Structures are given as structure tokens and as C-alpha cells.
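Colleague: Structure file model_6.cif (mmCIF, C-alpha atoms and all ligand atoms) is given on the next line.
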```
data_structure
#
loop_
_atom_site.label_atom_id
_atom_site.label_comp_id
_atom_site.auth_asym_id
_atom_site.auth_seq_id
_atom_site.Cartn_x
_atom_site.Cartn_y
_atom_site.Cartn_z
CA MET A 9 -65.58 29.75 63.69
CA SER A 10 -65.88 29.63 59.92
CA THR A 11 -69.28 28.89 58.48
CA PRO A 12 -68.52 28.65 54.79
CA SER A 13 -71.58 28.92 52.65
CA ALA A 14 -72.52 25.81 50.71
CA ARG A 15 -72.62 27.96 47.61
CA THR A 16 -69.80 27.93 45.15
CA ARG A 17 -68.33 31.32 44.61
CA THR A 18 -65.54 30.42 42.24
CA GLY A 19 -64.22 33.50 40.50
CA LEU A 20 -65.77 35.90 43.00
CA VAL A 21 -63.81 39.05 43.88
CA VAL A 22 -65.13 41.44 46.55
CA ALA A 23 -63.30 44.80 46.54
CA ILE A 24 -63.37 46.89 49.72
CA ASP A 25 -61.79 50.35 49.72
CA GLY A 26 -61.81 53.28 52.11
CA PRO A 27 -59.71 55.48 54.36
CA SER A 28 -57.84 54.40 57.47
CA GLY A 29 -60.03 53.21 60.34
CA SER A 30 -63.21 52.97 58.26
CA GLY A 31 -63.36 49.26 59.07
CA LYS A 32 -61.91 47.67 55.92
CA SER A 33 -59.81 44.97 57.58
CA SER A 34 -62.33 43.85 60.18
CA THR A 35 -65.23 43.96 57.72
CA SER A 36 -63.27 42.14 54.99
CA ARG A 37 -62.11 39.41 57.36
CA GLY A 38 -65.62 39.00 58.77
CA VAL A 39 -67.19 38.74 55.32
CA ALA A 40 -64.54 36.29 54.11
CA ASP A 41 -64.94 34.16 57.24
CA ARG A 42 -68.73 34.05 56.95
CA LEU A 43 -68.70 33.18 53.26
CA GLY A 44 -65.69 30.87 53.19
CA LEU A 45 -63.63 33.21 51.03
CA ARG A 46 -59.92 34.05 51.15
CA TYR A 47 -58.70 37.51 52.20
CA LEU A 48 -55.98 39.86 50.93
CA ASP A 49 -54.84 42.94 52.89
CA THR A 50 -53.07 45.10 50.31
CA GLY A 51 -52.35 47.77 52.93
CA ALA A 52 -50.19 45.22 54.74
CA MET A 53 -48.23 44.76 51.50
CA PHE A 54 -47.53 48.52 51.23
CA ARG A 55 -46.64 48.56 54.91
CA ALA A 56 -44.23 45.62 54.46
CA VAL A 57 -42.48 47.40 51.58
CA THR A 58 -42.25 50.53 53.75
CA TRP A 59 -40.78 48.58 56.68
CA TRP A 60 -38.19 47.03 54.34
CA MET A 61 -37.21 50.43 52.89
CA LEU A 62 -36.82 51.94 56.38
CA ARG A 63 -34.71 48.99 57.54
CA ALA A 64 -32.54 49.29 54.43
CA GLY A 65 -31.88 52.94 55.31
CA VAL A 66 -33.63 54.30 52.21
CA ASP A 67 -34.81 57.92 52.40
CA VAL A 68 -38.54 57.30 52.04
CA GLN A 69 -39.19 60.89 50.99
CA ASP A 70 -36.93 60.36 47.95
CA ALA A 71 -39.13 58.63 45.35
CA ALA A 72 -36.19 57.81 43.07
CA ALA A 73 -34.28 56.17 45.93
CA VAL A 74 -37.33 54.07 46.84
CA ALA A 75 -37.93 53.10 43.20
CA ALA A 76 -34.30 52.01 42.77
CA ARG A 77 -34.68 49.33 45.48
CA VAL A 78 -37.96 47.84 44.22
CA PRO A 79 -36.28 45.00 42.26
CA GLU A 80 -34.89 43.62 45.54
CA LEU A 81 -38.33 43.18 47.11
CA GLU A 82 -39.88 39.84 48.02
CA VAL A 83 -43.34 40.04 49.60
CA LYS A 84 -45.60 37.15 50.59
CA SER A 85 -49.19 37.42 51.87
CA GLY A 86 -51.08 34.59 53.58
CA THR A 87 -54.81 34.77 52.74
CA ASP A 88 -56.56 32.95 55.62
CA PRO A 89 -59.05 35.54 56.96
CA LEU A 90 -58.69 34.12 60.48
CA ALA A 91 -54.87 34.22 60.41
CA PRO A 92 -53.54 36.48 57.66
CA THR A 93 -49.76 36.71 57.40
CA ILE A 94 -47.28 39.10 55.79
CA GLU A 95 -43.61 38.51 55.07
CA VAL A 96 -40.97 40.61 53.38
CA GLY A 97 -37.60 39.12 52.44
CA GLY A 98 -38.60 35.98 54.36
CA THR A 99 -39.21 37.91 57.62
CA ASP A 100 -42.62 37.88 59.34
CA VAL A 101 -43.40 41.58 59.83
CA ALA A 102 -47.03 41.39 61.00
CA VAL A 103 -46.26 43.32 64.19
CA GLU A 104 -43.53 45.66 62.91
CA ILE A 105 -45.66 47.08 60.08
CA ARG A 106 -48.08 48.68 62.59
CA SER A 107 -45.39 50.92 64.16
CA ASP A 108 -45.55 54.73 64.23
CA GLU A 109 -42.49 54.83 61.94
CA VAL A 110 -44.26 52.77 59.30
CA ASN A 111 -47.51 54.78 59.76
CA ALA A 112 -45.57 57.97 59.06
CA ALA A 113 -43.71 56.63 56.01
CA VAL A 114 -46.27 54.39 54.29
CA SER A 115 -48.16 57.04 52.34
CA PRO A 116 -45.08 58.56 50.62
CA VAL A 117 -43.77 55.07 49.80
CA SER A 118 -47.21 54.06 48.45
CA ALA A 119 -47.21 57.08 46.15
CA VAL A 120 -44.11 55.86 44.28
CA PRO A 121 -45.34 54.52 40.89
CA GLU A 122 -42.69 51.75 40.74
CA VAL A 123 -43.82 50.43 44.14
CA ARG A 124 -47.44 50.44 43.01
CA ALA A 125 -46.66 48.74 39.68
CA TRP A 126 -44.63 46.02 41.39
CA LEU A 127 -47.30 45.33 44.03
CA LEU A 128 -50.11 45.53 41.46
CA GLU A 129 -48.68 42.57 39.59
CA LEU A 130 -48.32 40.57 42.79
CA GLN A 131 -51.81 41.50 44.00
CA ARG A 132 -53.40 40.48 40.71
CA ALA A 133 -51.56 37.14 40.76
CA VAL A 134 -52.81 36.36 44.29
CA ILE A 135 -56.35 37.45 43.40
CA ALA A 136 -56.43 35.35 40.22
CA GLU A 137 -55.17 32.27 42.04
CA GLU A 138 -57.51 32.58 45.03
CA ALA A 139 -60.56 33.64 43.01
CA ALA A 140 -60.14 30.55 40.86
CA LEU A 141 -60.05 28.39 44.00
CA GLY A 142 -63.28 29.82 45.43
CA GLY A 143 -63.36 33.60 45.82
CA ILE A 144 -61.55 36.35 47.71
CA VAL A 145 -62.19 39.59 49.57
CA VAL A 146 -59.53 42.22 48.84
CA GLU A 147 -59.14 45.45 50.78
CA GLY A 148 -57.16 48.62 50.16
CA ARG A 149 -57.43 52.02 48.53
CA ASP A 150 -57.56 51.26 44.78
CA ILE A 151 -59.00 47.74 44.60
CA GLY A 152 -62.30 48.60 42.89
CA SER A 153 -60.73 51.29 40.71
CA VAL A 154 -57.39 49.79 39.60
CA VAL A 155 -56.45 46.39 41.02
CA ALA A 156 -59.72 44.55 40.33
CA PRO A 157 -62.02 46.87 38.35
CA ASP A 158 -64.08 43.84 37.26
CA ALA A 159 -64.83 42.78 40.85
CA GLN A 160 -68.44 41.57 41.11
CA VAL A 161 -68.93 43.44 44.41
CA LYS A 162 -67.36 46.81 45.21
CA VAL A 163 -67.74 48.61 48.53
CA TYR A 164 -66.50 52.04 49.60
CA LEU A 165 -66.38 52.23 53.41
CA THR A 166 -66.19 55.53 55.26
CA ALA A 167 -66.67 56.82 58.80
CA ASP A 168 -66.34 60.25 60.39
CA PRO A 169 -62.69 61.12 61.15
CA ALA A 170 -63.43 61.36 64.89
CA ALA A 171 -64.92 57.86 64.92
CA ARG A 172 -62.00 56.49 62.90
CA ALA A 173 -59.48 58.05 65.27
CA LEU A 174 -61.29 56.72 68.33
CA ARG A 175 -61.35 53.21 66.87
CA ARG A 176 -57.69 53.28 65.87
CA ALA A 177 -56.54 54.76 69.20
CA ALA A 178 -58.55 52.14 71.11
CA GLU A 179 -57.07 49.37 68.99
CA GLU A 180 -53.51 50.60 69.56
CA GLY A 181 -54.07 51.25 73.26
CA GLY A 182 -53.28 54.92 72.64
CA THR A 183 -54.84 57.75 74.62
CA ASP A 184 -53.95 60.65 72.33
CA VAL A 185 -56.98 60.49 70.04
CA ALA A 186 -56.28 63.97 68.64
CA ALA A 187 -52.78 62.91 67.52
CA THR A 188 -54.19 59.72 66.00
CA GLU A 189 -56.77 61.78 64.08
CA GLN A 190 -54.05 64.10 62.76
CA SER A 191 -51.99 61.10 61.60
CA LEU A 192 -55.03 59.54 59.84
CA LEU A 193 -55.95 62.81 58.15
CA ALA A 194 -52.37 63.37 56.98
CA ARG A 195 -52.38 59.91 55.38
CA ASP A 196 -55.85 60.45 53.86
CA LYS A 197 -54.57 63.63 52.23
CA ILE A 198 -51.59 61.94 50.56
CA ASP A 199 -53.55 58.76 49.68
CA SER A 200 -56.38 60.77 48.06
CA GLY A 201 -54.14 63.35 46.38
CA ARG A 202 -51.44 61.21 44.76
CA ALA A 203 -51.26 60.97 40.97
CA THR A 204 -51.16 57.16 40.71
CA ALA A 205 -54.21 55.19 41.88
CA PRO A 206 -55.52 57.65 44.50
CA LEU A 207 -58.14 56.62 47.04
CA VAL A 208 -61.49 57.12 45.28
CA ARG A 209 -64.95 55.62 45.37
CA ALA A 210 -64.77 53.29 42.36
CA ASP A 211 -67.46 53.30 39.68
CA GLY A 212 -70.26 51.06 40.86
CA ALA A 213 -69.06 50.88 44.47
CA ALA A 214 -71.71 50.84 47.20
CA HIS A 215 -70.99 53.54 49.77
CA LEU A 216 -71.39 52.37 53.38
CA ASP A 217 -70.88 54.94 56.13
CA THR A 218 -69.95 52.83 59.16
CA THR A 219 -69.93 55.67 61.73
CA HIS A 220 -73.17 54.62 63.42
CA HIS A 221 -73.12 50.90 62.60
CA THR A 222 -71.59 48.05 64.53
CA LEU A 223 -69.05 45.83 62.83
CA ASP A 224 -71.61 43.00 62.65
CA GLU A 225 -74.12 45.28 60.95
CA VAL A 226 -71.55 46.31 58.35
CA ILE A 227 -70.58 42.69 57.71
CA ASP A 228 -74.29 41.85 57.27
CA GLN A 229 -74.65 44.63 54.71
CA VAL A 230 -71.67 43.46 52.66
CA VAL A 231 -72.77 39.80 52.83
CA ALA A 232 -76.18 40.91 51.53
CA LEU A 233 -74.48 42.66 48.60
CA VAL A 234 -72.52 39.49 47.81
CA ASP A 235 -75.66 37.33 48.08
CA ARG A 236 -77.32 39.50 45.45
CA VAL A 237 -74.68 38.78 42.82
CA ALA A 238 -73.02 35.46 43.66
N1 LIG B 1 -68.40 49.39 62.40
C1 LIG B 1 -67.52 49.47 63.38
N2 LIG B 1 -67.86 49.97 64.58
C2 LIG B 1 -66.96 50.07 65.58
N3 LIG B 1 -65.67 49.71 65.49
C3 LIG B 1 -65.28 49.20 64.31
C4 LIG B 1 -66.17 49.07 63.20
N4 LIG B 1 -65.46 48.54 62.16
C5 LIG B 1 -64.19 48.37 62.60
N5 LIG B 1 -64.09 48.75 63.89
C6 LIG B 1 -62.88 48.74 64.72
O1 LIG B 1 -62.10 49.87 64.31
C7 LIG B 1 -60.71 49.56 64.28
C8 LIG B 1 -60.16 49.84 62.88
O2 LIG B 1 -60.79 48.95 61.98
P1 LIG B 1 -60.02 48.34 60.74
O3 LIG B 1 -60.89 47.24 60.22
O4 LIG B 1 -58.61 48.01 61.09
O5 LIG B 1 -60.05 49.58 59.72
P2 LIG B 1 -59.22 49.86 58.43
O6 LIG B 1 -58.77 48.52 57.91
O7 LIG B 1 -60.19 50.54 57.50
O8 LIG B 1 -58.09 50.75 58.83
C9 LIG B 1 -60.61 48.09 64.71
O9 LIG B 1 -60.27 48.05 66.07
C10 LIG B 1 -62.00 47.54 64.48
O10 LIG B 1 -62.32 46.49 65.35
N1 LIG B 2 -54.41 49.40 47.93
C1 LIG B 2 -53.71 50.17 48.77
C2 LIG B 2 -53.63 49.83 50.14
C3 LIG B 2 -52.90 50.65 50.96
N2 LIG B 2 -52.24 51.72 50.45
C4 LIG B 2 -51.39 52.56 51.27
C5 LIG B 2 -52.03 53.82 51.76
C6 LIG B 2 -52.30 53.58 53.23
O1 LIG B 2 -52.19 54.76 53.99
C7 LIG B 2 -51.25 52.57 53.60
C8 LIG B 2 -51.60 51.60 54.70
O2 LIG B 2 -52.81 50.94 54.34
P1 LIG B 2 -53.66 50.18 55.46
O3 LIG B 2 -54.88 49.65 54.77
O4 LIG B 2 -52.81 49.22 56.20
O5 LIG B 2 -54.01 51.36 56.42
P2 LIG B 2 -55.07 51.39 57.58
O6 LIG B 2 -54.98 50.07 58.30
O7 LIG B 2 -56.38 51.59 56.93
O8 LIG B 2 -54.63 52.52 58.43
O9 LIG B 2 -50.96 51.83 52.40
C9 LIG B 2 -52.37 52.04 49.13
O10 LIG B 2 -51.80 53.04 48.68
N3 LIG B 2 -53.09 51.25 48.29
#
```
What would you get if you wrote out this structure as C-alpha cells?

Modeller:
Amino acid sequence: MSTPSARTRTGLVVAIDGPSGSGKSSTSRGVADRLGLRYLDTGAMFRAVTWWMLRAGVDVQDAAAVAARVPELEVKSGTDPLAPTIEVGGTDVAVEIRSDEVNAAVSPVSAVPEVRAWLLELQRAVIAEEAALGGIVVEGRDIGSVVAPDAQVKVYLTADPAARALRRAAEEGGTDVAATEQSLLARDKIDSGRATAPLVRADGAAHLDTTHHTLDEVIDQVVALVDRVA
């Protein structure tokens, strides 16, 4: 149940970055719900682009081939934290973008500068519109560093790889935690090592290690950071 704060947070942007399984989505949605803010999952946008490329038969390891198809993209994100949506080319892909195929292809697709430039423009447009209406929580890998460097609140979430893998495997109903950890670490490596907008702790970002904290505790900590500035 939403309990929007009576306070006006017009113009507020909360940027939440971190590696896979650190708790970005659940924390961001919880914070947005508690404070009556909107929510943007930029990872879902990269996943939707990846799903579209795979379905179009594009070789996702070929950056030039991926870049050539960018002008055909149409991505739409719904920003209700209780019911976020993601569409590409008019198709709802909320379920499909969590597949193993997309997990394996999303980091190389996300490293293609043309993909990032195209999504950056879209992300900034959504953020500007929603921030003006009352504030937004945005999660991803480069939100505090590139997408919204002027965000009033920046958070860098981490957790030990073993904890991240356990969480992700539990969420997906998987039993092979070791394989899940390998897949997360492989993505971390590409996401942190790419030339354009790598995963980094942005200047001024508060580092929260969520390994030994419950989701509610992490949400409390982020809400406290927001309360300090807005
Ligand atoms: N602090 C936490 N403690 C335990 N489990 C958590 C915590 N934060 C998130 N989770 C769980 O871990 C899984 C991955 O979290 P998610 O928010 O999707 O991470 P990310 O968006 O960073 O990949 C989800 O099932 C979520 O409920
Ligand atoms: N701002 C962003 C968000 C995601 N990405 C890329 C890199 C990530 O491995 C994929 C998927 O992101 P997503 O947040 O959905 O991944 P997890 O749910 O944390 O596993 O997208 C990115 O490059 N920049």
C-alpha cells in the first residue's frame, strides 16, 4: 500500500546504482512506494533492447550490427513502482527480458555506444518529465555518474557475490547457485570494464553494503538519505 509523504518532492531525482543482485530494484521500488515517487528501471530498458536484437536475429557480439539496428527501436517504460512495465516495439516483454538468453547477451549489447546514447536520451526525457511531476527513483549502473549526475541523492548498493547469487537464484527458483554466481560475475566484469559509462560508484554516492541488512533496513537507510535533502 502506498503511503506517499505529504511533502512535495518536485524535481527530486534519486539515483541508485550497483551490480546485479545488490538489491537495486527492490530497494528503489520500496523507496518510491514509501515516498510517493515514480520509478525507472533502466536495466529493463537495456534488457528490452537485447531481447529485440535477439528476436531480430542480430549477432549481439557484433557491435556494428547492433548499432545499425538502433534507429528501429521503440522502448516504453511504465513508472509505477508497484506495477512497472516495459515494452519494445509495442510488445510487453516484462517476462521475456529475464530469460537466460537475455542475461547472457545484455552486457555486450549494453556496451555498444549507440545503444547507450539512444537509451540515455530516452531515460533523461522520462526522468525530466517525472521529476517535474513529483520526483523519481532511477536505478541502473550509470545513473549517478552519467544519466543524472545532478541527482540530489545518489546511492551505490553492493553485496557479497555469494549473497547476490543466493538472492538471484532464490528469486528465479534456480538451485544452481554456483552457476548463477558465475553469470553475475561475468556480467559485472563487462559492465565495470566497458569504455562507455562503466559501473562505478559515482562522485558523492553513499555506499550501502546490503549483505547483512534486510530489504526493509536498506529502504529505511535510503529514505533517511532522501529526508536529509528533500
Ligand atoms: N537487503 C536484502 N536482503 C535480502 N534479499 C534482498 C535484499 N535486497 C534485495 N533482495 C532480494 O534479492 C533479489 C535481487 O534483488 P533485486 O532488487 O532484483 O537486485 P538488483 O536489482 O540489484 O539486481 C530479490 O529477490 C530481492 O527480493
Ligand atoms: N544503467 C544501466 C542499467 C543496466 N545496464 C546493463 C548492464 C546489466 O548487466 C544489464 C541488466 O541490468 P539489470 O539492472 O536488469 O540487471 P540485474 O537485475 O541487476 O541483474 O543492463 C547498463 O549497462 N546500464

Colleague: Go through A:Ala133, A:Val57, A:Val161, A:Leu48 and flag the residue nearest Asp235 (chain A), using only C-alpha atoms for the distances.

Modeller: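 Ranking A:Ala133, A:Val57, A:Val161, A:Leu48 by distance to Asp235 (chain A), first place goes to A:Val161.
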
Colleague: Restricting the calculation to all atoms listed in the file, which member of A:Leu20, A:Val103, A:Tyr164, A:Ile198 is positioned closest to His215 (chain A)?

Modeller: A:Tyr164

Colleague: Which protein, DNA or RNA residues are at most 10 Å from (-62.9, 44.9, 41.0) in the file's coordinates when you count all atoms listed in the file, listed as a PyMOL selection string?

Modeller: chain A and resi 20-24+146+150-163+210-213

Colleague: Selection from above, C-alpha atoms, as a PDB file, in the coordinates of the input, can you write it?

Modeller:
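Result file follows (result_2.pdb):
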```pdb
ATOM      1  CA  LEU A  20     -65.770  35.900  43.000  1.00  0.00           C
ATOM      2  CA  VAL A  21     -63.810  39.050  43.880  1.00  0.00           C
ATOM      3  CA  VAL A  22     -65.130  41.440  46.550  1.00  0.00           C
ATOM      4  CA  ALA A  23     -63.300  44.800  46.540  1.00  0.00           C
ATOM      5  CA  ILE A  24     -63.370  46.890  49.720  1.00  0.00           C
ATOM      6  CA  VAL A 146     -59.530  42.220  48.840  1.00  0.00           C
ATOM      7  CA  ASP A 150     -57.560  51.260  44.780  1.00  0.00           C
ATOM      8  CA  ILE A 151     -59.000  47.740  44.600  1.00  0.00           C
ATOM      9  CA  GLY A 152     -62.300  48.600  42.890  1.00  0.00           C
ATOM     10  CA  SER A 153     -60.730  51.290  40.710  1.00  0.00           C
ATOM     11  CA  VAL A 154     -57.390  49.790  39.600  1.00  0.00           C
ATOM     12  CA  VAL A 155     -56.450  46.390  41.020  1.00  0.00           C
ATOM     13  CA  ALA A 156     -59.720  44.550  40.330  1.00  0.00           C
ATOM     14  CA  PRO A 157     -62.020  46.870  38.350  1.00  0.00           C
ATOM     15  CA  ASP A 158     -64.080  43.840  37.260  1.00  0.00           C
ATOM     16  CA  ALA A 159     -64.830  42.780  40.850  1.00  0.00           C
ATOM     17  CA  GLN A 160     -68.440  41.570  41.110  1.00  0.00           C
ATOM     18  CA  VAL A 161     -68.930  43.440  44.410  1.00  0.00           C
ATOM     19  CA  LYS A 162     -67.360  46.810  45.210  1.00  0.00           C
ATOM     20  CA  VAL A 163     -67.740  48.610  48.530  1.00  0.00           C
ATOM     21  CA  ALA A 210     -64.770  53.290  42.360  1.00  0.00           C
ATOM     22  CA  ASP A 211     -67.460  53.300  39.680  1.00  0.00           C
ATOM     23  CA  GLY A 212     -70.260  51.060  40.860  1.00  0.00           C
ATOM     24  CA  ALA A 213     -69.060  50.880  44.470  1.00  0.00           C
TER      25      ALA A 213
END
```

Colleague: So, counting all atoms listed in the file, which residue among A:Glu137, A:Glu147, A:Asp168, A:Glu225 is closest to ligand LIG 2 (chain B)?

Modeller: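 Among the listed residues, A:Glu147 lies closest to ligand LIG 2 (chain B).
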
Colleague: Please compute the CA of Thr218 (chain A)-CA of Ser30 (chain A) distance, one decimal, in Å.

Modeller: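 Distance reported for this atom pair: 6.8 Å.
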